[in-house]
>>> print(open('run_19.cif').read())   # mmCIF, C-alpha atoms
data_my_file
loop_
_atom_site.label_atom_id
_atom_site.label_comp_id
_atom_site.auth_asym_id
_atom_site.auth_seq_id
_atom_site.Cartn_x
_atom_site.Cartn_y
_atom_site.Cartn_z
CA MET I 228 25.72 88.44 80.31
CA ILE I 229 23.05 88.55 77.66
CA ALA I 230 24.51 88.46 74.19
CA ASP I 231 23.22 91.20 71.92
CA GLU I 232 21.82 90.13 68.62
CA ILE I 233 23.63 90.80 65.44
CA VAL I 234 22.04 90.26 62.07
CA LEU I 235 24.40 89.02 59.42
CA SER I 236 23.57 88.89 55.78
CA PHE I 237 25.07 86.41 53.33
CA PRO I 238 23.27 86.67 50.02
CA ASN I 239 25.61 84.14 48.42
CA ILE I 240 25.38 81.36 50.99
CA THR I 241 22.36 79.18 51.70
CA ARG I 242 21.08 78.49 55.19
CA VAL I 243 21.99 74.86 54.85
CA THR I 244 25.54 75.61 53.78
CA MET I 245 26.04 78.20 56.50
CA SER I 246 24.84 75.72 59.11
CA LYS I 247 27.46 73.28 57.98
CA VAL I 248 30.16 75.96 58.00
CA LEU I 249 29.25 76.94 61.55
CA GLU I 250 29.20 73.29 62.61
CA TYR I 251 32.74 72.94 61.27
CA CYS I 252 33.95 76.10 63.00
CA ASN I 253 32.48 75.10 66.33
CA ILE I 254 34.05 71.66 66.28
CA HIS I 255 37.42 73.10 65.29
CA GLY I 256 37.30 76.03 67.67
CA ALA I 257 39.53 74.32 70.17
CA GLY I 258 42.11 72.95 67.76
CA ALA I 259 42.80 69.68 66.02
CA ASP I 260 42.88 66.23 67.53
CA ASP I 261 41.76 62.71 66.70
CA GLU I 262 38.08 63.55 67.12
CA THR I 263 38.21 66.52 64.79
CA ARG I 264 40.02 64.37 62.27
CA ALA I 265 37.25 61.80 62.43
CA PHE I 266 34.68 64.61 62.17
CA ASP I 267 36.44 66.00 59.09
CA GLU I 268 36.31 62.65 57.33
CA GLN I 269 32.59 62.31 57.61
CA PHE I 270 32.06 66.05 57.13
CA VAL I 271 33.45 66.02 53.61
CA ASP I 272 31.65 62.83 52.67
CA VAL I 273 28.79 64.69 50.99
CA ASP I 274 27.15 64.96 47.58
CA GLN I 275 28.77 67.11 44.92
CA LYS I 276 26.20 69.87 45.24
CA THR I 277 26.87 70.31 48.95
CA LEU I 278 30.59 70.04 48.40
CA PHE I 279 30.47 72.76 45.75
CA ASP I 280 28.57 75.09 48.09
CA LEU I 281 31.06 74.40 50.87
CA VAL I 282 34.04 75.07 48.61
CA LEU I 283 32.68 78.45 47.61
CA ALA I 284 31.58 79.37 51.13
CA ALA I 285 34.94 78.46 52.63
CA HIS I 286 36.70 80.38 49.87
CA ASP I 287 34.56 83.49 50.29
CA LEU I 288 34.60 83.44 54.08
CA LYS I 289 38.35 82.79 54.00
CA ILE I 290 38.20 79.88 56.45
CA LYS I 291 41.53 78.32 55.62
CA MET I 292 41.19 74.94 57.30
CA LEU I 293 37.74 74.28 55.91
CA TYR I 294 38.87 75.46 52.48
CA ASP I 295 41.81 73.07 52.69
CA ILE I 296 39.78 69.98 53.51
CA VAL I 297 36.96 70.54 51.04
CA GLY I 298 39.52 71.47 48.38
CA GLU I 299 41.47 68.32 49.13
CA ARG I 300 38.31 66.23 49.00
CA THR I 301 37.37 67.71 45.62
CA GLY I 302 40.86 67.05 44.30
CA ASP I 303 40.81 63.47 45.55
CA MET I 304 37.51 62.88 43.79
CA MET I 305 39.11 63.96 40.52
CA LYS I 306 42.31 61.94 40.71
CA GLY I 307 42.62 58.77 38.70
CA LYS I 308 39.38 59.30 36.77
CA THR I 309 38.54 59.85 33.14
CA PRO I 310 37.08 63.20 32.04
CA GLU I 311 33.70 61.55 31.54
CA GLU I 312 33.73 60.06 35.02
CA ILE I 313 34.56 63.48 36.46
CA ARG I 314 31.69 65.05 34.55
CA ILE I 315 29.32 62.47 35.99
CA ILE I 316 30.59 62.83 39.56
CA PHE I 317 30.42 66.61 39.48
CA ASN I 318 27.34 66.83 37.31
CA ILE I 319 29.03 68.95 34.65
CA GLY I 320 26.89 69.48 31.60
CA GLU I 321 27.49 68.21 28.09
CA ASN I 322 27.49 71.69 26.60
CA SER I 323 30.62 72.66 28.47
CA CYS I 324 32.64 69.69 27.25
CA VAL I 325 35.99 70.03 25.58
CA ASP I 326 37.20 68.35 22.43
CA ASP I 327 40.43 66.41 22.82
CA HIS I 328 42.10 67.82 19.73
CA PRO I 329 42.19 71.56 20.42
CA LEU I 330 43.81 70.89 23.76
CA GLN I 331 46.50 68.65 22.30
CA LYS I 332 47.28 71.16 19.58
CA GLU I 333 47.43 74.01 22.01
CA LEU I 334 50.37 72.62 23.87
CA ASN I 335 53.62 71.24 22.64
CA PRO I 336 53.15 67.55 21.94
CA TRP I 337 56.31 66.55 23.72
CA ALA I 338 54.88 67.87 26.96
CA PHE I 339 52.23 65.18 26.88
CA GLU I 340 54.36 62.12 26.23
CA MET U 92 58.23 64.15 79.76
CA ASN U 93 55.64 65.84 77.66
CA GLU U 94 52.27 64.74 78.94
CA ARG U 95 50.22 66.10 76.07
CA THR U 96 48.17 63.67 74.05
CA TRP U 97 49.16 63.54 70.46
CA PRO U 98 48.36 65.28 68.16
CA HIS U 99 48.49 68.57 70.06
CA ARG U 100 45.70 71.06 70.56
CA SER U 101 46.82 74.36 69.16
CA GLU U 102 46.51 77.57 71.05
CA THR U 103 44.84 79.72 68.42
CA PHE U 104 41.69 79.59 66.37
CA HIS U 105 42.20 78.28 62.92
CA PHE U 106 39.79 80.53 61.12
CA SER U 107 40.04 84.25 60.56
CA THR U 108 37.37 86.75 61.42
CA LEU U 109 34.71 87.19 58.79
CA PRO U 110 34.54 90.34 56.66
CA PHE U 111 30.76 90.37 56.44
CA PRO U 112 28.48 93.39 56.65
CA ILE U 113 27.32 93.96 60.26
CA LYS U 114 23.87 95.54 60.47
CA ASN U 115 24.32 97.01 63.95
CA PRO U 116 27.94 98.06 64.23
CA ALA U 117 27.34 100.10 67.38
CA ARG U 118 26.50 97.05 69.45
CA LYS U 119 29.19 94.68 70.65
CA HIS U 120 28.68 90.99 70.42
CA GLU U 121 29.64 89.43 73.72
CA ASN U 122 30.88 85.91 73.78
CA SER U 123 29.30 83.44 76.11
CA THR U 124 31.58 81.38 78.32
CA SER U 125 32.22 78.76 75.66
CA ASN U 126 34.25 79.37 72.54
CA ALA U 127 31.42 78.38 70.22
CA ILE U 128 30.14 80.98 67.83
CA ARG U 129 26.62 82.05 68.73
CA ILE U 130 24.81 83.92 66.06
CA ARG U 131 21.20 84.46 66.99
CA GLN U 132 19.87 84.85 63.55
CA PHE U 133 21.10 85.31 60.09
CA ARG U 134 19.28 86.01 56.92
CA SER U 135 20.24 84.27 53.79
CA SER U 136 18.60 83.89 50.47
CA SER U 137 17.04 80.44 50.41
CA SER U 138 17.77 80.06 46.76
CA ALA U 139 21.20 81.62 47.16
CA ARG U 140 22.77 82.03 43.79
CA ARG U 141 25.69 84.23 43.09
CA SER U 142 24.16 85.66 39.96
CA ASP U 143 21.32 84.72 37.65
CA GLN U 144 23.05 81.77 36.02
CA TYR U 145 23.10 78.32 37.59
CA ARG U 146 26.41 77.61 39.25
CA ASP U 147 28.01 74.22 39.40
CA PHE U 148 31.49 72.75 39.46
CA ALA U 149 32.06 73.91 35.89
CA SER U 150 31.98 77.46 37.17
CA LEU U 151 34.58 77.15 39.91
CA PRO U 152 36.62 80.35 40.14
CA ASN U 153 40.11 79.99 38.67
CA ASP U 154 41.92 80.49 41.94
CA VAL U 155 39.86 77.71 43.52
CA LEU U 156 40.62 75.45 40.59
CA THR U 157 44.32 76.23 40.86
CA LYS U 158 44.31 75.42 44.53
CA ILE U 159 42.48 72.13 44.07
CA ALA U 160 44.77 70.98 41.27
CA ALA U 161 47.97 72.39 42.76
CA ASN U 162 49.41 68.99 43.65
CA PHE U 163 48.11 67.12 40.60
CA SER U 164 50.49 65.06 38.54
CA LEU U 165 50.51 65.67 34.81
CA PRO U 166 48.06 62.87 33.92
CA ASN U 167 45.48 64.10 36.42
CA LEU U 168 45.96 67.66 35.23
CA GLN U 169 45.47 66.60 31.63
CA THR U 170 42.29 64.77 32.54
CA ALA U 171 40.90 67.69 34.49
CA SER U 172 41.68 70.00 31.57
CA LEU U 173 39.50 67.84 29.33
CA VAL U 174 36.43 67.96 31.55
CA CYS U 175 35.01 71.27 30.41
CA LYS U 176 36.04 74.50 28.70
CA SER U 177 36.17 76.58 31.85
CA TRP U 178 38.46 74.08 33.57
CA ARG U 179 40.63 73.88 30.48
CA ASP U 180 41.04 77.64 30.54
CA GLY U 181 41.37 77.91 34.28
CA LEU U 182 44.05 75.21 34.47
CA ARG U 183 46.26 76.75 31.80
CA PRO U 184 48.77 78.21 34.29
CA LEU U 185 49.21 74.80 35.91
CA ARG U 186 49.76 73.16 32.54
CA GLU U 187 52.42 75.76 31.83
CA ALA U 188 53.90 74.94 35.21
CA MET U 189 54.23 71.33 34.10
CA LEU U 190 56.30 72.39 31.11
CA PHE U 191 58.63 74.33 33.38
CA LEU U 192 58.78 71.34 35.70
CA ARG U 193 59.84 69.12 32.84
CA TRP U 194 62.55 71.57 31.77
CA GLY U 195 63.71 71.92 35.32
CA LYS U 196 64.24 68.17 35.61
CA ARG U 197 66.15 68.14 32.34
CA PHE U 198 68.47 70.88 33.55
CA LYS U 199 68.91 69.24 36.90
CA HIS U 200 69.89 65.83 35.56
CA GLY U 201 71.34 66.88 32.21
CA ARG U 202 68.82 64.90 30.18
CA GLY U 203 67.51 65.35 26.66
CA GLY U 204 70.74 66.71 25.28
CA VAL U 205 70.86 69.50 27.82
CA LYS U 206 73.91 70.38 29.90
CA PRO U 207 73.23 69.97 33.61
CA SER U 208 72.80 73.30 35.36
CA LEU U 209 71.40 73.73 38.85
CA GLU U 210 70.82 77.43 38.27
CA LYS U 211 68.74 76.86 35.16
CA ALA U 212 66.92 74.02 36.88
CA LEU U 213 66.05 76.29 39.78
CA ASP U 214 64.90 79.01 37.43
CA SER U 215 62.55 76.62 35.67
CA PHE U 216 61.22 75.13 38.88
CA LEU U 217 60.56 78.59 40.30
CA LYS U 218 58.59 79.52 37.20
CA GLY U 219 56.53 76.38 37.70
CA ALA U 220 56.06 77.21 41.35
CA ALA U 221 54.90 80.72 40.48
CA ARG U 222 52.13 79.17 38.38
CA GLY U 223 50.89 77.18 41.33
CA SER U 224 52.34 73.69 40.94
CA THR U 225 53.36 72.10 44.24
CA LEU U 226 55.48 69.58 42.36
CA ALA U 227 57.57 72.46 41.06
CA MET U 228 57.69 74.02 44.53
CA VAL U 229 59.09 70.83 46.03
CA ASP U 230 61.68 70.45 43.28
CA ALA U 231 62.71 74.07 43.66
CA GLY U 232 63.02 73.51 47.39
CA LEU U 233 65.26 70.50 46.79
CA VAL U 234 67.56 72.52 44.55
CA TYR U 235 67.78 75.35 47.07
CA TRP U 236 68.62 72.78 49.71
CA GLU U 237 71.35 71.31 47.50
CA MET U 238 72.74 74.79 46.99
CA GLY U 239 72.87 75.27 50.75
CA LYS U 240 70.08 77.85 50.75
CA LYS U 241 68.06 76.04 53.36
CA GLU U 242 65.75 78.88 54.36
CA GLU U 243 64.58 79.39 50.79
CA GLY U 244 64.16 75.64 50.43
CA VAL U 245 62.07 75.37 53.55
CA ALA U 246 59.88 78.29 52.47
CA LEU U 247 59.03 76.43 49.27
CA TYR U 248 58.40 73.17 51.09
CA ARG U 249 56.05 75.10 53.33
CA ARG U 250 54.09 76.50 50.42
CA ALA U 251 53.72 73.04 48.92
CA ALA U 252 52.87 71.51 52.29
CA GLU U 253 50.10 74.00 52.93
CA LEU U 254 48.63 73.18 49.55
CA GLY U 255 48.42 69.56 50.61
CA ASP U 256 51.43 68.12 48.81
CA PRO U 257 52.63 65.05 50.75
CA ALA U 258 56.23 65.31 49.49
CA GLY U 259 56.29 68.94 50.56
CA GLN U 260 54.86 68.00 53.95
CA CYS U 261 57.41 65.24 54.42
CA ASN U 262 60.35 67.41 53.38
CA LEU U 263 59.13 70.22 55.60
CA GLY U 264 58.89 67.83 58.54
CA ILE U 265 62.39 66.53 57.93
CA SER U 266 63.71 70.10 57.61
CA TYR U 267 62.29 70.89 61.02
CA LEU U 268 64.00 67.81 62.45
CA GLN U 269 67.31 68.90 60.97
CA ALA U 270 66.98 72.55 61.88
CA GLU U 271 69.20 74.16 64.50
CA PRO U 272 67.58 74.06 66.91
CA PRO U 273 65.14 71.37 65.76
CA ASN U 274 61.43 72.14 65.90
CA VAL U 275 60.23 68.66 66.68
CA LYS U 276 56.56 69.45 67.29
CA GLU U 277 56.15 71.07 63.88
CA ALA U 278 58.14 68.23 62.36
CA VAL U 279 55.80 65.58 63.70
CA LYS U 280 52.73 67.57 62.70
CA TRP U 281 53.83 67.70 59.07
CA LEU U 282 55.18 64.16 58.98
CA TYR U 283 51.81 62.98 60.24
CA GLN U 284 50.02 64.78 57.43
CA ALA U 285 52.32 63.26 54.84
CA SER U 286 51.84 59.85 56.46
CA VAL U 287 48.06 59.83 56.39
CA ALA U 288 48.28 60.88 52.77
CA GLY U 289 50.18 57.66 52.16
CA TYR U 290 53.65 59.13 51.61
CA VAL U 291 55.97 56.29 52.42
CA ARG U 292 59.08 58.20 53.40
CA GLY U 293 56.98 60.37 55.70
CA GLN U 294 55.53 57.26 57.33
CA TYR U 295 59.01 55.94 58.05
CA GLN U 296 60.19 59.24 59.52
CA LEU U 297 57.05 59.53 61.60
CA ALA U 298 57.60 56.01 62.89
CA LEU U 299 61.14 56.99 63.91
CA CYS U 300 59.80 59.95 65.87
CA LEU U 301 57.24 57.78 67.63
CA HIS U 302 59.90 55.18 68.29
CA ARG U 303 62.31 57.63 69.88
CA GLY U 304 59.75 59.89 71.49
CA ILE U 305 60.82 62.87 69.39
CA GLY U 306 58.24 65.64 69.13
CA THR U 307 55.67 63.34 70.65
CA ASP U 308 55.31 60.73 73.36
CA GLN U 309 57.10 57.51 72.68
CA ASN U 310 54.60 55.00 71.33
CA LEU U 311 56.10 51.72 70.18
CA SER U 312 52.94 50.14 68.85
CA GLU U 313 52.10 53.25 66.78
CA ALA U 314 55.70 53.33 65.57
CA ALA U 315 55.54 49.67 64.58
CA ARG U 316 52.25 50.26 62.79
CA TRP U 317 53.75 53.08 60.74
CA TYR U 318 56.93 51.08 60.02
CA LEU U 319 54.67 48.34 58.71
CA ARG U 320 52.74 50.72 56.47
CA ALA U 321 55.94 52.20 55.07
CA ALA U 322 57.36 48.72 54.60
CA GLY U 323 54.23 47.62 52.78
CA GLY U 324 54.65 50.69 50.60
CA GLY U 325 58.12 49.55 49.60
CA TYR U 326 60.37 51.52 51.95
CA VAL U 327 63.34 49.25 52.56
CA ARG U 328 64.62 50.66 55.85
CA ALA U 329 61.12 50.25 57.22
CA MET U 330 61.15 46.58 56.23
CA TYR U 331 64.31 46.11 58.29
CA ASN U 332 62.81 47.91 61.29
CA VAL U 333 59.60 45.89 61.05
CA SER U 334 61.70 42.76 61.24
CA LEU U 335 63.42 44.03 64.38
CA CYS U 336 60.10 44.97 65.96
CA TYR U 337 58.84 41.43 65.46
CA SER U 338 62.06 39.83 66.57
CA LEU U 339 62.38 41.90 69.75
CA GLY U 340 58.65 42.08 70.49
CA LYS U 341 58.73 45.89 70.35
CA GLY U 342 55.42 47.39 69.23
CA PHE U 343 54.37 43.99 67.95
CA MET U 344 53.99 40.66 69.67
CA GLN U 345 57.21 38.74 69.17
CA ASN U 346 56.91 36.68 66.02
CA HIS U 347 59.97 35.03 64.54
CA ARG U 348 58.24 33.92 61.38
CA GLN U 349 57.20 37.49 60.56
CA SER U 350 60.60 38.77 61.59
CA ARG U 351 62.31 36.37 59.19
CA LYS U 352 59.90 37.24 56.38
CA TRP U 353 60.58 40.96 56.66
CA MET U 354 64.33 40.52 57.09
CA LYS U 355 64.45 38.49 53.88
CA LEU U 356 62.35 41.12 52.10
CA ALA U 357 64.67 43.87 53.23
CA ALA U 358 67.67 41.79 52.18
CA ASP U 359 66.17 41.09 48.76
CA HIS U 360 65.66 44.83 48.32
CA GLY U 361 69.32 45.44 48.97
CA HIS U 362 69.49 46.41 52.66
CA ARG U 363 73.01 45.37 53.58
CA LYS U 364 72.43 44.88 57.31
CA ALA U 365 69.38 42.78 56.48
CA GLN U 366 71.49 40.78 54.05
CA PHE U 367 73.97 40.15 56.84
CA GLU U 368 71.28 39.17 59.34
CA HIS U 369 69.48 36.97 56.89
CA GLY U 370 72.74 35.35 55.89
CA LEU U 371 73.42 34.51 59.54
CA THR U 372 69.92 33.09 59.90
CA LEU U 373 70.40 30.89 56.87
CA PHE U 374 73.77 29.76 58.21
CA SER U 375 72.20 28.77 61.53
CA GLU U 376 69.61 26.77 59.61
CA GLY U 377 72.27 24.94 57.65
CA GLN U 378 71.48 26.54 54.27
CA MET U 379 75.12 27.17 53.44
CA MET U 380 74.87 28.12 49.80
CA LYS U 381 72.18 30.72 50.29
CA ALA U 382 73.89 32.01 53.42
CA VAL U 383 77.11 32.63 51.54
CA VAL U 384 75.35 34.52 48.78
CA TYR U 385 73.66 36.91 51.22
CA LEU U 386 76.83 37.37 53.25
CA GLU U 387 78.80 38.08 50.11
CA LEU U 388 76.21 40.70 49.10
CA ALA U 389 76.35 42.21 52.57
CA GLY U 390 80.12 42.41 52.36
CA ARG U 391 79.97 44.08 48.96
CA GLY U 392 77.50 46.57 50.40
CA GLY U 393 79.94 47.50 53.13
CA GLU U 394 79.10 45.20 56.03
CA THR U 395 82.68 44.29 56.99
CA ALA U 396 81.54 41.91 59.71
CA ALA U 397 79.94 39.71 57.08
CA GLY U 398 83.29 38.73 55.63
CA HIS U 399 84.42 36.71 58.63
CA VAL U 400 81.38 34.43 58.79
CA LYS U 401 81.33 34.16 55.02
CA ASN U 402 84.89 32.87 54.95
CA VAL U 403 84.13 30.31 57.63
CA ILE U 404 81.33 28.91 55.50
CA LEU U 405 83.30 29.09 52.25
CA GLN U 406 85.91 26.79 53.77
CA GLN U 407 83.21 24.17 54.25
CA LEU U 408 82.11 24.32 50.65
CA SER U 409 83.62 22.52 47.65
CA GLN U 410 85.30 24.60 44.96
CA PRO U 411 82.41 24.31 42.46
CA SER U 412 79.98 25.35 45.19
CA ARG U 413 82.11 28.35 46.06
CA GLU U 414 82.18 29.44 42.46
CA ARG U 415 78.48 28.92 42.11
CA ALA U 416 77.82 31.05 45.19
CA LEU U 417 79.92 33.91 43.84
CA THR U 418 78.23 33.69 40.46
CA LEU U 419 74.85 33.92 42.16
CA ALA U 420 76.02 37.01 44.03
CA ASP U 421 77.30 38.55 40.80
CA ASN U 422 74.00 37.97 39.06
CA TRP U 423 71.86 39.16 41.93
CA ARG U 424 69.72 42.28 41.42
CA ALA U 425 67.87 44.15 44.14
CA LEU U 426 64.08 44.21 43.95
CA PRO U 427 62.67 47.62 43.01
CA SER U 428 61.63 49.70 46.00
CA SER U 429 60.36 53.12 46.97
CA ARG U 430 63.59 53.56 48.91
#
>>> encode(input="run_19.cif", output="structure tokens")
Amino acid sequence: MIADEIVLSFPNITRVTMSKVLEYCNIHGAGADDETRAFDEQFVDVDQKTLFDLVLAAHDLKIKMLYDIVGERTGDMMKGKTPEEIRIIFNIGENSCVDDHPLQKELNPWAFE
Amino acid sequence: MNERTWPHRSETFHFSTLPFPIKNPARKHENSTSNAIRIRQFRSSSSARRSDQYRDFASLPNDVLTKIAANFSLPNLQTASLVCKSWRDGLRPLREAMLFLRWGKRFKHGRGGVKPSLEKALDSFLKGAARGSTLAMVDAGLVYWEMGKKEEGVALYRRAAELGDPAGQCNLGISYLQAEPPNVKEAVKWLYQASVAGYVRGQYQLALCLHRGIGTDQNLSEAARWYLRAAGGGYVRAMYNVSLCYSLGKGFMQNHRQSRKWMKLAADHGHRKAQFEHGLTLFSEGQMMKAVVYLELAGRGGETAAGHVKNVILQQLSQPSRERALTLADNWRALPSSR
């Protein structure tokens, strides 16, 4: 059978990102096993820009498993770091930085013992 | 016997259908024989930006941020809140959840001048859970379980587990093992997730399943490997099992030196059977004083069999030695563990 063509339009997702999303979906189409686990590990080992695009794409396209692994990867990259280290890793600009003091005042001090 | 390789292939697709605009709705897209998605062409903006402004991690939507940080401990949450203004604002609900978590623990254990109250603890934990904290979800689940409301408990474990919380995954797995009837496949699936995340109790439980062939094919070398990881992570019962694996050559090559090492470790962490075994070993090696101390500890822990051997040795010791042995047992303290 010849497959008919369908044109899909994703103004918010780049070609590169969509290719990666499709790659993920194809590998996972048959369910999880050791190979998919190995694939996932290297799949999320990407630069922060790519990771960001994947997080948003998975979120918008509602692909739960992909969303879970890229979300987990992002979270793991944040754990155990200082705010400055996180800014460097995720390339977050100086002008969006937060002062320590307002945050501490905002919340009850005893909550941050 | 279940011939499936482990882990299992699931029957359904894991992703939902995509709510995207279809240009030619009248035509049907026919699948080829394989399950792979074939999309002939798609148009996307090569400079794809959501709006005019440059988007980076500082502009993560709040629900994404909440999901990512759902299983963060307080220190990590604090740090993330200090990274940039948008994260600080977006993570506010989770910070509030931490306050409720703290109150919940106070109510549960009656700390900080507060009268213990399971109901108030649950109320606080549920408020934390509602704000997205998996730590609060797990604690709420534990309270429900204590109250005998197992279904509600499991539902909360499930929420936490699906957000990637290893404690939630482990507790969910154990709930499935204890369910009537048990759902052993689901149990192993969740225990495995907790295990690869490094959750020690999950690793031990997973090892037990592999050891007994519950929910998966029996695999002694995998079981031994997971016992060893849990043991290395401080789980005392795993230390004891590692010792047995080495001593019996199950899952590991028989190795009496390693067996002895792990039995002593388990004993020093307070495992009473290990104390008994290690005491016997010391006795057979002629180290009477040490043997008596371990056997005494084992007896105090409830190993009634230890008493008989201990008395035999005590009779061979002088009075000062006997007293010294008992003093050593009195002063003994278990090494800290992750249980």
>>> resolve_selection(input="run_19.cif", expression="the PyMOL selection byres ((chain I) within 8 of (chain U))", output="number ranges by chain")
I: 228-242, 249, 252-253, 255-261, 276, 279, 286, 288-292, 295, 298-299, 301-302, 305-311, 313-314, 317-319, 323-327, 330, 338
>>> write_last_selection(input="run_19.cif", atoms="C-alpha atoms", output="PDB file, in the coordinates of the input")
ATOM      1  CA  MET I 228      25.720  88.440  80.310  1.00  0.00           C
ATOM      2  CA  ILE I 229      23.050  88.550  77.660  1.00  0.00           C
ATOM      3  CA  ALA I 230      24.510  88.460  74.190  1.00  0.00           C
ATOM      4  CA  ASP I 231      23.220  91.200  71.920  1.00  0.00           C
ATOM      5  CA  GLU I 232      21.820  90.130  68.620  1.00  0.00           C
ATOM      6  CA  ILE I 233      23.630  90.800  65.440  1.00  0.00           C
ATOM      7  CA  VAL I 234      22.040  90.260  62.070  1.00  0.00           C
ATOM      8  CA  LEU I 235      24.400  89.020  59.420  1.00  0.00           C
ATOM      9  CA  SER I 236      23.570  88.890  55.780  1.00  0.00           C
ATOM     10  CA  PHE I 237      25.070  86.410  53.330  1.00  0.00           C
ATOM     11  CA  PRO I 238      23.270  86.670  50.020  1.00  0.00           C
ATOM     12  CA  ASN I 239      25.610  84.140  48.420  1.00  0.00           C
ATOM     13  CA  ILE I 240      25.380  81.360  50.990  1.00  0.00           C
ATOM     14  CA  THR I 241      22.360  79.180  51.700  1.00  0.00           C
ATOM     15  CA  ARG I 242      21.080  78.490  55.190  1.00  0.00           C
ATOM     16  CA  LEU I 249      29.250  76.940  61.550  1.00  0.00           C
ATOM     17  CA  CYS I 252      33.950  76.100  63.000  1.00  0.00           C
ATOM     18  CA  ASN I 253      32.480  75.100  66.330  1.00  0.00           C
ATOM     19  CA  HIS I 255      37.420  73.100  65.290  1.00  0.00           C
ATOM     20  CA  GLY I 256      37.300  76.030  67.670  1.00  0.00           C
ATOM     21  CA  ALA I 257      39.530  74.320  70.170  1.00  0.00           C
ATOM     22  CA  GLY I 258      42.110  72.950  67.760  1.00  0.00           C
ATOM     23  CA  ALA I 259      42.800  69.680  66.020  1.00  0.00           C
ATOM     24  CA  ASP I 260      42.880  66.230  67.530  1.00  0.00           C
ATOM     25  CA  ASP I 261      41.760  62.710  66.700  1.00  0.00           C
ATOM     26  CA  LYS I 276      26.200  69.870  45.240  1.00  0.00           C
ATOM     27  CA  PHE I 279      30.470  72.760  45.750  1.00  0.00           C
ATOM     28  CA  HIS I 286      36.700  80.380  49.870  1.00  0.00           C
ATOM     29  CA  LEU I 288      34.600  83.440  54.080  1.00  0.00           C
ATOM     30  CA  LYS I 289      38.350  82.790  54.000  1.00  0.00           C
ATOM     31  CA  ILE I 290      38.200  79.880  56.450  1.00  0.00           C
ATOM     32  CA  LYS I 291      41.530  78.320  55.620  1.00  0.00           C
ATOM     33  CA  MET I 292      41.190  74.940  57.300  1.00  0.00           C
ATOM     34  CA  ASP I 295      41.810  73.070  52.690  1.00  0.00           C
ATOM     35  CA  GLY I 298      39.520  71.470  48.380  1.00  0.00           C
ATOM     36  CA  GLU I 299      41.470  68.320  49.130  1.00  0.00           C
ATOM     37  CA  THR I 301      37.370  67.710  45.620  1.00  0.00           C
ATOM     38  CA  GLY I 302      40.860  67.050  44.300  1.00  0.00           C
ATOM     39  CA  MET I 305      39.110  63.960  40.520  1.00  0.00           C
ATOM     40  CA  LYS I 306      42.310  61.940  40.710  1.00  0.00           C
ATOM     41  CA  GLY I 307      42.620  58.770  38.700  1.00  0.00           C
ATOM     42  CA  LYS I 308      39.380  59.300  36.770  1.00  0.00           C
ATOM     43  CA  THR I 309      38.540  59.850  33.140  1.00  0.00           C
ATOM     44  CA  PRO I 310      37.080  63.200  32.040  1.00  0.00           C
ATOM     45  CA  GLU I 311      33.700  61.550  31.540  1.00  0.00           C
ATOM     46  CA  ILE I 313      34.560  63.480  36.460  1.00  0.00           C
ATOM     47  CA  ARG I 314      31.690  65.050  34.550  1.00  0.00           C
ATOM     48  CA  PHE I 317      30.420  66.610  39.480  1.00  0.00           C
ATOM     49  CA  ASN I 318      27.340  66.830  37.310  1.00  0.00           C
ATOM     50  CA  ILE I 319      29.030  68.950  34.650  1.00  0.00           C
ATOM     51  CA  SER I 323      30.620  72.660  28.470  1.00  0.00           C
ATOM     52  CA  CYS I 324      32.640  69.690  27.250  1.00  0.00           C
ATOM     53  CA  VAL I 325      35.990  70.030  25.580  1.00  0.00           C
ATOM     54  CA  ASP I 326      37.200  68.350  22.430  1.00  0.00           C
ATOM     55  CA  ASP I 327      40.430  66.410  22.820  1.00  0.00           C
ATOM     56  CA  LEU I 330      43.810  70.890  23.760  1.00  0.00           C
ATOM     57  CA  ALA I 338      54.880  67.870  26.960  1.00  0.00           C
TER      58      ALA I 338
END
>>> resolve_selection(input="run_19.cif", expression="the PyMOL selection byres ((chain U and resi 387) around 8)", output="VMD selection string")
chain U and resid 383 to 386 388 to 391 397 to 398 401 417 420
>>> resolve_selection(input="run_19.cif", expression="the PyMOL selection byres ((chain U and resi 342) around 10)", output="number ranges by chain")
U: 302, 310-316, 333, 335-337, 339-341, 343-345
>>> atom_distance(input="run_19.cif", atom1="CA of Val205 in chain U", atom2="CA of Leu192 in chain U")
14.5 Å
>>> atom_distance(input="run_19.cif", atom1="CA of Thr277 in chain I", atom2="CA of Thr244 in chain I")
7.3 Å
>>> atom_distance(input="run_19.cif", atom1="CA of Asn274 in chain U", atom2="CA of Phe266 in chain I")
28.0 Å
>>> residues_around(input="run_19.cif", residues="range 275-285 of chain U", least_positions_apart="4", cutoff="8 Å", atoms="only C-alpha atoms", output="list in words")
Pro98, Ala252, Asp256, Pro257, Ala258, Gln260, Cys261, Leu263, Gly264, Ile265, Ser266, Tyr267, Leu268, Gly289, Tyr290, Gly293, Gln294, Gln296, Leu297, Cys300, Ile305, Gly306 and Thr307 of chain U
>>> closest_residue(input="run_19.cif", among="I:Asp280, I:Glu268, I:Glu262, I:Asp287", to="Lys247 in chain I", atoms="only C-alpha atoms")
I:Asp280
>>> residues_around(input="run_19.cif", residues="Leu319 in chain U", least_positions_apart="6", cutoff="10 Å", atoms="only C-alpha atoms", output="number ranges by chain")
U: 294-295, 298, 313, 325-326, 329-334, 336, 353
>>> axis_aligned_box(input="run_19.cif", around="range 311-322 of chain I", padding_each_side="6 Å", output="lines of an AutoDock Vina configuration file")
center_x = 30.7
center_y = 65.9
center_z = 33.1
size_x = 19.7
size_y = 23.6
size_z = 25.0
